[in-house]
>>> print(open('final-v5.txt').read())   # compact mmCIF, C-alpha atoms and all ligand atoms
# COMPACT_ATOMS: atom_id res chain seq x y z
CA MET Z 1 25.18 -7.12 2.77
CA THR Z 2 28.98 -7.27 2.37
CA ARG Z 3 30.22 -9.21 -0.62
CA LEU Z 4 32.28 -12.20 0.37
CA ARG Z 5 35.83 -11.32 -0.54
CA GLY Z 6 38.47 -13.91 -1.13
CA LYS Z 7 36.04 -16.80 -0.82
CA ARG Z 8 34.66 -19.07 -3.47
CA ALA Z 9 31.61 -21.29 -3.51
CA LEU Z 10 32.29 -24.63 -1.90
CA PRO Z 11 30.64 -27.42 -3.90
CA LEU Z 12 27.94 -29.05 -1.75
CA SER Z 13 29.61 -32.40 -2.34
CA ARG Z 14 32.61 -31.02 -0.39
CA VAL Z 15 30.74 -29.71 2.65
CA TYR Z 16 31.78 -32.73 4.70
CA ARG Z 17 35.40 -31.68 4.31
CA VAL Z 18 34.98 -28.59 6.49
CA LEU Z 19 32.58 -30.04 9.06
CA GLU Z 20 33.79 -33.54 9.67
CA PRO Z 21 34.96 -33.51 13.28
CA GLY Z 22 36.77 -36.78 13.76
CA PRO Z 23 38.57 -38.34 15.39
CA VAL Z 24 38.54 -41.09 12.85
CA VAL Z 25 37.63 -44.30 14.66
CA LEU Z 26 37.70 -48.04 14.08
CA LEU Z 27 34.28 -49.60 14.56
CA THR Z 28 34.27 -53.29 15.43
CA THR Z 29 31.29 -55.58 15.02
CA ALA Z 30 30.84 -59.34 15.17
CA GLN Z 31 28.45 -61.66 13.43
CA LYS Z 32 28.34 -65.43 13.06
CA GLY Z 33 31.32 -65.68 15.40
CA ARG Z 34 33.53 -63.52 13.19
CA ALA Z 35 34.76 -60.05 14.11
CA ASN Z 36 35.13 -57.21 11.64
CA VAL Z 37 36.54 -53.69 11.76
CA MET Z 38 35.73 -50.64 9.64
CA THR Z 39 36.92 -47.06 9.59
CA MET Z 40 34.36 -44.41 10.54
CA SER Z 41 34.47 -40.64 10.79
CA TRP Z 42 30.79 -39.65 10.64
CA HIS Z 43 29.88 -39.71 14.30
CA THR Z 44 28.72 -37.25 16.92
CA MET Z 45 28.31 -37.05 20.72
CA MET Z 46 24.65 -36.65 21.68
CA GLU Z 47 24.55 -36.81 25.50
CA PHE Z 48 27.03 -36.64 28.39
CA GLU Z 49 25.65 -39.33 30.66
CA PRO Z 50 24.74 -41.93 29.86
CA PRO Z 51 27.01 -41.21 26.90
CA LEU Z 52 25.11 -41.37 23.62
CA VAL Z 53 26.85 -41.37 20.25
CA GLY Z 54 25.18 -41.07 16.86
CA CYS Z 55 26.89 -42.51 13.81
CA ILE Z 56 26.40 -43.28 10.16
CA VAL Z 57 27.19 -46.80 9.00
CA SER Z 58 26.34 -47.09 5.33
CA ASN Z 59 24.12 -49.98 4.32
CA ARG Z 60 26.67 -50.76 1.61
CA ASN Z 61 29.14 -51.80 4.29
CA TYR Z 62 29.38 -55.33 5.67
CA SER Z 63 29.39 -53.81 9.18
CA PHE Z 64 25.87 -52.45 8.66
CA GLU Z 65 24.01 -55.76 8.91
CA ALA Z 66 26.14 -56.86 11.84
CA LEU Z 67 25.33 -53.68 13.74
CA ARG Z 68 21.66 -53.77 12.83
CA ARG Z 69 21.25 -57.43 13.79
CA THR Z 70 23.42 -57.72 16.89
CA LYS Z 71 22.93 -54.11 18.12
CA GLU Z 72 26.49 -54.15 19.49
CA CYS Z 73 29.79 -52.56 18.48
CA VAL Z 74 32.98 -51.06 19.86
CA ILE Z 75 34.25 -47.62 18.88
CA ASN Z 76 38.06 -47.74 19.04
CA ILE Z 77 40.05 -44.54 18.80
CA PRO Z 78 43.42 -44.82 17.06
CA THR Z 79 46.29 -42.34 16.97
CA ALA Z 80 48.31 -41.24 13.95
CA GLN Z 81 50.68 -44.19 14.40
CA LEU Z 82 47.90 -46.42 13.05
CA ALA Z 83 47.05 -44.15 10.09
CA LYS Z 84 47.93 -46.64 7.37
CA LYS Z 85 45.97 -49.44 9.01
CA VAL Z 86 43.02 -47.10 9.55
CA VAL Z 87 42.91 -46.25 5.85
CA ALA Z 88 43.31 -49.92 4.93
CA CYS Z 89 40.29 -50.83 7.11
CA GLY Z 90 38.32 -48.14 5.29
CA ASN Z 91 39.19 -49.43 1.86
CA ALA Z 92 38.51 -53.13 2.23
CA SER Z 93 35.37 -55.04 3.13
CA GLY Z 94 35.18 -57.67 5.83
CA ARG Z 95 32.78 -59.72 3.71
CA LYS Z 96 35.60 -61.98 2.60
CA LEU Z 97 38.64 -60.61 4.40
CA ASP Z 98 39.74 -60.93 8.03
CA LYS Z 99 40.97 -57.35 8.37
CA PHE Z 100 42.49 -57.96 11.81
CA ALA Z 101 44.84 -60.56 10.35
CA ALA Z 102 45.35 -58.79 7.01
CA PHE Z 103 46.31 -55.44 8.54
CA GLY Z 104 47.98 -56.58 11.78
CA LEU Z 105 45.41 -55.43 14.34
CA THR Z 106 44.86 -57.32 17.59
CA PRO Z 107 41.31 -58.16 18.76
CA ALA Z 108 40.93 -58.16 22.55
CA PRO Z 109 37.81 -59.32 24.41
CA ALA Z 110 35.30 -56.66 25.46
CA SER Z 111 33.51 -56.91 28.80
CA ARG Z 112 29.91 -55.97 27.96
CA VAL Z 113 29.55 -56.71 24.22
CA ALA Z 114 30.57 -59.45 21.79
CA PRO Z 115 32.66 -57.43 19.29
CA PRO Z 116 36.32 -57.10 20.31
CA LEU Z 117 38.35 -54.06 21.25
CA VAL Z 118 41.27 -53.14 19.01
CA ALA Z 119 44.25 -53.49 21.35
CA GLU Z 120 46.41 -50.97 19.45
CA CYS Z 121 43.88 -48.14 19.97
CA TYR Z 122 44.38 -45.84 22.98
CA ALA Z 123 40.65 -45.84 23.87
CA SER Z 124 37.70 -48.14 23.24
CA LEU Z 125 34.00 -47.61 23.87
CA GLU Z 126 31.75 -50.65 24.15
CA CYS Z 127 28.36 -49.68 22.73
CA LYS Z 128 24.81 -50.94 22.30
CA VAL Z 129 22.32 -49.61 19.77
CA VAL Z 130 19.55 -47.89 21.75
CA ASP Z 131 17.64 -46.25 18.91
CA ALA Z 132 17.43 -47.50 15.33
CA ARG Z 133 14.55 -45.32 14.16
CA LEU Z 134 16.72 -43.35 11.76
CA VAL Z 135 18.55 -46.35 10.34
CA GLU Z 136 16.10 -47.09 7.54
CA ARG Z 137 16.15 -43.51 6.35
CA TYR Z 138 19.68 -42.28 7.08
CA ASN Z 139 21.78 -45.28 8.18
CA PHE Z 140 22.01 -43.38 11.48
CA PHE Z 141 22.48 -45.47 14.61
CA ILE Z 142 22.21 -44.09 18.14
CA LEU Z 143 24.57 -45.91 20.47
CA ARG Z 144 24.86 -45.93 24.23
CA VAL Z 145 28.36 -46.40 25.60
CA VAL Z 146 28.08 -49.11 28.27
CA LYS Z 147 31.79 -49.49 29.11
CA ALA Z 148 34.80 -47.34 28.24
CA TRP Z 149 38.53 -48.04 28.32
CA ILE Z 150 41.49 -45.69 28.05
CA ASP Z 151 45.27 -45.97 28.16
CA PRO Z 152 46.17 -43.63 31.05
CA SER Z 153 49.56 -42.88 29.51
CA ALA Z 154 47.91 -41.32 26.42
CA THR Z 155 47.61 -37.80 27.83
CA ARG Z 156 47.86 -35.97 24.47
CA PRO Z 157 46.69 -38.53 21.90
CA ARG Z 158 47.58 -37.53 18.36
CA THR Z 159 44.24 -38.52 16.85
CA LEU Z 160 43.42 -38.51 13.15
CA HIS Z 161 40.86 -36.12 11.68
CA HIS Z 162 39.58 -36.76 8.18
CA ARG Z 163 39.64 -33.90 5.67
CA GLY Z 164 38.50 -35.96 2.70
CA LEU Z 165 40.29 -36.93 -0.48
CA GLY Z 166 42.98 -38.84 1.37
CA GLU Z 167 43.91 -35.97 3.73
CA PHE Z 168 44.03 -36.19 7.51
CA MET Z 169 44.88 -33.67 10.18
CA ILE Z 170 46.67 -34.88 13.26
CA ALA Z 171 45.53 -33.39 16.58
CA GLY Z 172 48.16 -30.95 17.75
CA ARG Z 173 48.50 -28.21 20.34
CA THR Z 174 46.27 -28.12 23.43
CA LEU Z 175 44.66 -24.85 24.63
CA ARG Z 176 43.22 -24.63 28.13
CA LEU Z 177 40.42 -22.01 28.33
CA ALA Z 178 37.40 -21.60 30.61
CA SER Z 179 34.38 -23.17 28.99
CA GLN Z 180 30.74 -23.64 29.90
CA MET Z 181 30.91 -27.15 28.51
CA LYS Z 182 31.88 -29.84 31.01
C1 LIG V 1 38.70 -41.97 6.63
C2 LIG V 1 37.48 -42.84 6.36
C3 LIG V 1 36.29 -42.55 6.99
C4 LIG V 1 35.16 -43.34 6.77
N1 LIG V 1 34.00 -43.04 7.43
C5 LIG V 1 32.90 -43.82 7.24
C6 LIG V 1 31.70 -43.56 7.98
O1 LIG V 1 31.61 -42.66 8.79
N2 LIG V 1 30.62 -44.36 7.74
C7 LIG V 1 30.67 -45.38 6.83
O2 LIG V 1 29.66 -46.07 6.65
N3 LIG V 1 31.80 -45.67 6.14
C8 LIG V 1 32.91 -44.91 6.34
N4 LIG V 1 34.07 -45.19 5.66
C9 LIG V 1 34.07 -46.28 4.68
C10 LIG V 1 34.18 -47.67 5.33
O3 LIG V 1 35.21 -47.71 6.28
C11 LIG V 1 34.46 -48.67 4.18
O4 LIG V 1 33.37 -48.70 3.29
C12 LIG V 1 34.80 -50.07 4.69
O5 LIG V 1 35.38 -50.78 3.63
C13 LIG V 1 33.59 -50.82 5.21
O6 LIG V 1 34.02 -52.06 5.68
P1 LIG V 1 33.06 -53.32 5.88
O7 LIG V 1 32.44 -53.62 4.51
O8 LIG V 1 33.97 -54.39 6.35
O9 LIG V 1 32.01 -52.92 6.86
C14 LIG V 1 35.22 -44.43 5.87
C15 LIG V 1 36.43 -44.73 5.24
C16 LIG V 1 37.56 -43.94 5.48
C17 LIG V 1 38.86 -44.28 4.78
>>> encode(input="final-v5.txt", output="structure tokens", more="lines below")
Ligand SMILES: Cc1cc2nc3c(=O)[nH]c(=O)nc-3n(C[C@H](O)[C@H](O)[C@H](O)COP(=O)(O)O)c2cc1C
Amino acid sequence: MTRLRGKRALPLSRVYRVLEPGPVVLLTTAQKGRANVMTMSWHTMMEFEPPLVGCIVSNRNYSFEALRRTKECVINIPTAQLAKKVVACGNASGRKLDKFAAFGLTPAPASRVAPPLVAECYASLECKVVDARLVERYNFFILRVVKAWIDPSATRPRTLHHRGLGEFMIAGRTLRLASQMK
């Protein structure tokens, strides 16, 4: 076996920094007539159609109970313009704070679920929890997207991708290559 040259061991606590895909999203929930928004980057596509998305919402977050109880949320995808607000929503809890008002985000009514869209985001996915079997063990929710919205003018959205420790990459150049994926 060849010795790894020029590489060092990556602490296991830092593994997420190389694998986290992004884009960072804003997850909205609603409970007791009050909407909330939290930042989320641990999510993954699971099926093309109907679109299924898996995501981790920690049980330490206020959003967790809302999502578990109501089984509804909206995944809103921001661009780099919203970076500061995105980080603010990830560093404050909606338990006592109205983050929409505090950070200048606009809630807009969704069509199929109670939580609002975030108007400033270029895309929003209205979702329902379809499988909660891994919630107890991993805080992992499986969501089905039931309605999706996109700003048609956002052809090359400069999305945010979390690299940990306060660093984000901004989506850049586009390559067009033949691919077996849809
Ligand atoms: C860039 C970034 C990514 C985050 N990703 C997640 C995530 O995937 N899952 C999660 O549970 N919390 C994540 N968080 C933390 C929550 O956004 C944070 O705990 C937030 O304050 C929870 O808000 P809430 O208590 O109003 O639900 C992230 C925070 C940041 C800044």
>>> residues_around(input="final-v5.txt", residues="region 173-182 of chain Z", least_positions_apart="3", cutoff="12 Å", atoms="only C-alpha atoms", output="short mmCIF file (atom, residue, chain, number, x, y, z; two decimals) with C-alpha atoms, in the coordinates of the input")
data_model
loop_
_atom_site.label_atom_id
_atom_site.label_comp_id
_atom_site.auth_asym_id
_atom_site.auth_seq_id
_atom_site.Cartn_x
_atom_site.Cartn_y
_atom_site.Cartn_z
CA GLU Z 47 24.55 -36.81 25.50
CA PHE Z 48 27.03 -36.64 28.39
CA GLU Z 49 25.65 -39.33 30.66
CA THR Z 155 47.61 -37.80 27.83
CA ARG Z 156 47.86 -35.97 24.47
CA PRO Z 157 46.69 -38.53 21.90
CA ARG Z 158 47.58 -37.53 18.36
CA THR Z 159 44.24 -38.52 16.85
CA ILE Z 170 46.67 -34.88 13.26
#
>>> residues_near_point(input="final-v5.txt", point="(24.3, -49.9, 24.8)", cutoff="12 Å", atoms="only C-alpha atoms", output="ChimeraX atom specification")
/Z:50-54,67,70-75,112-114,125-132,141-148
>>> residues_near_ligand(input="final-v5.txt", ligand="ligand LIG 1 (chain V)", cutoff="10 Å", atoms="all atoms listed in the file", output="VMD selection string")
chain Z and resid 20 22 to 29 35 to 43 55 to 67 83 to 99 139 to 140 160 to 168
>>> atom_distance(input="final-v5.txt", atom1="CA of Leu82 (chain Z)", atom2="CA of Glu120 (chain Z)")
8.0 Å
>>> atom_distance(input="final-v5.txt", atom1="CA of Leu117 (chain Z)", atom2="CA of Met46 (chain Z)")
22.2 Å
>>> atom_distance(input="final-v5.txt", atom1="CA of Leu134 (chain Z)", atom2="CA of Lys32 (chain Z)")
25.0 Å
>>> build_atoms(input="final-v5.txt", residues="region 9-20 of chain Z", atoms="all heavy atoms", output="mmCIF file, keeping the file's coordinate frame")
data_model
loop_
_atom_site.group_PDB
_atom_site.id
_atom_site.type_symbol
_atom_site.label_atom_id
_atom_site.label_comp_id
_atom_site.auth_asym_id
_atom_site.auth_seq_id
_atom_site.Cartn_x
_atom_site.Cartn_y
_atom_site.Cartn_z
ATOM 1 N N ALA Z 9 32.668 -20.336 -3.886
ATOM 2 C CA ALA Z 9 31.610 -21.290 -3.510
ATOM 3 C C ALA Z 9 32.248 -22.648 -3.276
ATOM 4 O O ALA Z 9 33.119 -23.075 -4.038
ATOM 5 C CB ALA Z 9 30.578 -21.374 -4.621
ATOM 6 N N LEU Z 10 31.818 -23.277 -2.199
ATOM 7 C CA LEU Z 10 32.290 -24.630 -1.900
ATOM 8 C C LEU Z 10 31.253 -25.596 -2.458
ATOM 9 O O LEU Z 10 30.080 -25.518 -2.078
ATOM 10 C CB LEU Z 10 32.419 -24.808 -0.384
ATOM 11 C CG LEU Z 10 32.809 -26.194 0.113
ATOM 12 C CD1 LEU Z 10 34.240 -26.536 -0.268
ATOM 13 C CD2 LEU Z 10 32.653 -26.269 1.627
ATOM 14 N N PRO Z 11 31.638 -26.487 -3.374
ATOM 15 C CA PRO Z 11 30.640 -27.420 -3.900
ATOM 16 C C PRO Z 11 29.967 -28.184 -2.755
ATOM 17 O O PRO Z 11 30.641 -28.561 -1.789
ATOM 18 C CB PRO Z 11 31.460 -28.364 -4.781
ATOM 19 C CG PRO Z 11 32.717 -27.643 -5.080
ATOM 20 C CD PRO Z 11 32.969 -26.725 -3.914
ATOM 21 N N LEU Z 12 28.660 -28.383 -2.837
ATOM 22 C CA LEU Z 12 27.940 -29.050 -1.750
ATOM 23 C C LEU Z 12 28.494 -30.444 -1.487
ATOM 24 O O LEU Z 12 28.464 -30.933 -0.353
ATOM 25 C CB LEU Z 12 26.445 -29.107 -2.063
ATOM 26 C CG LEU Z 12 25.776 -27.728 -2.180
ATOM 27 C CD1 LEU Z 12 24.287 -27.866 -2.421
ATOM 28 C CD2 LEU Z 12 26.048 -26.880 -0.949
ATOM 29 N N SER Z 13 29.033 -31.061 -2.528
ATOM 30 C CA SER Z 13 29.610 -32.400 -2.340
ATOM 31 C C SER Z 13 30.866 -32.367 -1.483
ATOM 32 O O SER Z 13 31.390 -33.402 -1.097
ATOM 33 C CB SER Z 13 29.952 -33.008 -3.706
ATOM 34 O OG SER Z 13 30.963 -32.224 -4.317
ATOM 35 N N ARG Z 14 31.375 -31.152 -1.195
ATOM 36 C CA ARG Z 14 32.610 -31.020 -0.390
ATOM 37 C C ARG Z 14 32.336 -30.471 1.008
ATOM 38 O O ARG Z 14 33.271 -30.193 1.763
ATOM 39 C CB ARG Z 14 33.602 -30.086 -1.097
ATOM 40 C CG ARG Z 14 34.093 -30.617 -2.429
ATOM 41 C CD ARG Z 14 35.120 -31.720 -2.213
ATOM 42 N NE ARG Z 14 35.724 -32.141 -3.434
ATOM 43 C CZ ARG Z 14 35.443 -33.286 -4.068
ATOM 44 N NH1 ARG Z 14 34.544 -34.108 -3.571
ATOM 45 N NH2 ARG Z 14 36.058 -33.624 -5.180
ATOM 46 N N VAL Z 15 31.074 -30.283 1.347
ATOM 47 C CA VAL Z 15 30.740 -29.710 2.650
ATOM 48 C C VAL Z 15 31.326 -30.546 3.783
ATOM 49 O O VAL Z 15 31.858 -30.025 4.771
ATOM 50 C CB VAL Z 15 29.202 -29.572 2.805
ATOM 51 C CG1 VAL Z 15 28.807 -29.314 4.254
ATOM 52 C CG2 VAL Z 15 28.692 -28.449 1.910
ATOM 53 N N TYR Z 16 31.286 -31.859 3.631
ATOM 54 C CA TYR Z 16 31.780 -32.730 4.700
ATOM 55 C C TYR Z 16 33.239 -32.438 5.032
ATOM 56 O O TYR Z 16 33.683 -32.647 6.160
ATOM 57 C CB TYR Z 16 31.613 -34.211 4.300
ATOM 58 C CG TYR Z 16 32.669 -34.722 3.365
ATOM 59 C CD1 TYR Z 16 33.778 -35.409 3.836
ATOM 60 C CD2 TYR Z 16 32.584 -34.514 1.987
ATOM 61 C CE1 TYR Z 16 34.759 -35.882 2.977
ATOM 62 C CE2 TYR Z 16 33.560 -34.977 1.121
ATOM 63 C CZ TYR Z 16 34.649 -35.651 1.617
ATOM 64 O OH TYR Z 16 35.625 -36.100 0.770
ATOM 65 N N ARG Z 17 33.977 -31.887 4.080
ATOM 66 C CA ARG Z 17 35.400 -31.680 4.310
ATOM 67 C C ARG Z 17 35.672 -30.605 5.346
ATOM 68 O O ARG Z 17 36.713 -30.608 5.980
ATOM 69 C CB ARG Z 17 36.105 -31.308 2.997
ATOM 70 C CG ARG Z 17 36.034 -32.400 1.953
ATOM 71 C CD ARG Z 17 37.055 -32.174 0.868
ATOM 72 N NE ARG Z 17 38.410 -32.325 1.367
ATOM 73 C CZ ARG Z 17 39.483 -31.903 0.718
ATOM 74 N NH1 ARG Z 17 39.356 -31.278 -0.439
ATOM 75 N NH2 ARG Z 17 40.686 -32.095 1.228
ATOM 76 N N VAL Z 18 34.755 -29.636 5.489
ATOM 77 C CA VAL Z 18 34.980 -28.590 6.490
ATOM 78 C C VAL Z 18 34.320 -28.899 7.826
ATOM 79 O O VAL Z 18 34.659 -28.317 8.848
ATOM 80 C CB VAL Z 18 34.530 -27.189 5.995
ATOM 81 C CG1 VAL Z 18 35.425 -26.701 4.893
ATOM 82 C CG2 VAL Z 18 33.090 -27.191 5.565
ATOM 83 N N LEU Z 19 33.342 -29.804 7.826
ATOM 84 C CA LEU Z 19 32.580 -30.040 9.060
ATOM 85 C C LEU Z 19 32.928 -31.340 9.766
ATOM 86 O O LEU Z 19 32.609 -31.511 10.939
ATOM 87 C CB LEU Z 19 31.092 -30.036 8.713
ATOM 88 C CG LEU Z 19 30.137 -29.649 9.823
ATOM 89 C CD1 LEU Z 19 30.542 -28.343 10.480
ATOM 90 C CD2 LEU Z 19 28.726 -29.579 9.293
ATOM 91 N N GLU Z 20 33.570 -32.231 9.080
ATOM 92 C CA GLU Z 20 33.790 -33.540 9.670
ATOM 93 C C GLU Z 20 34.700 -33.401 10.897
ATOM 94 O O GLU Z 20 35.801 -32.901 10.804
ATOM 95 C CB GLU Z 20 34.430 -34.458 8.634
ATOM 96 C CG GLU Z 20 33.958 -35.871 8.803
ATOM 97 C CD GLU Z 20 34.396 -36.738 7.651
ATOM 98 O OE1 GLU Z 20 33.901 -36.536 6.544
ATOM 99 O OE2 GLU Z 20 35.225 -37.607 7.875
#
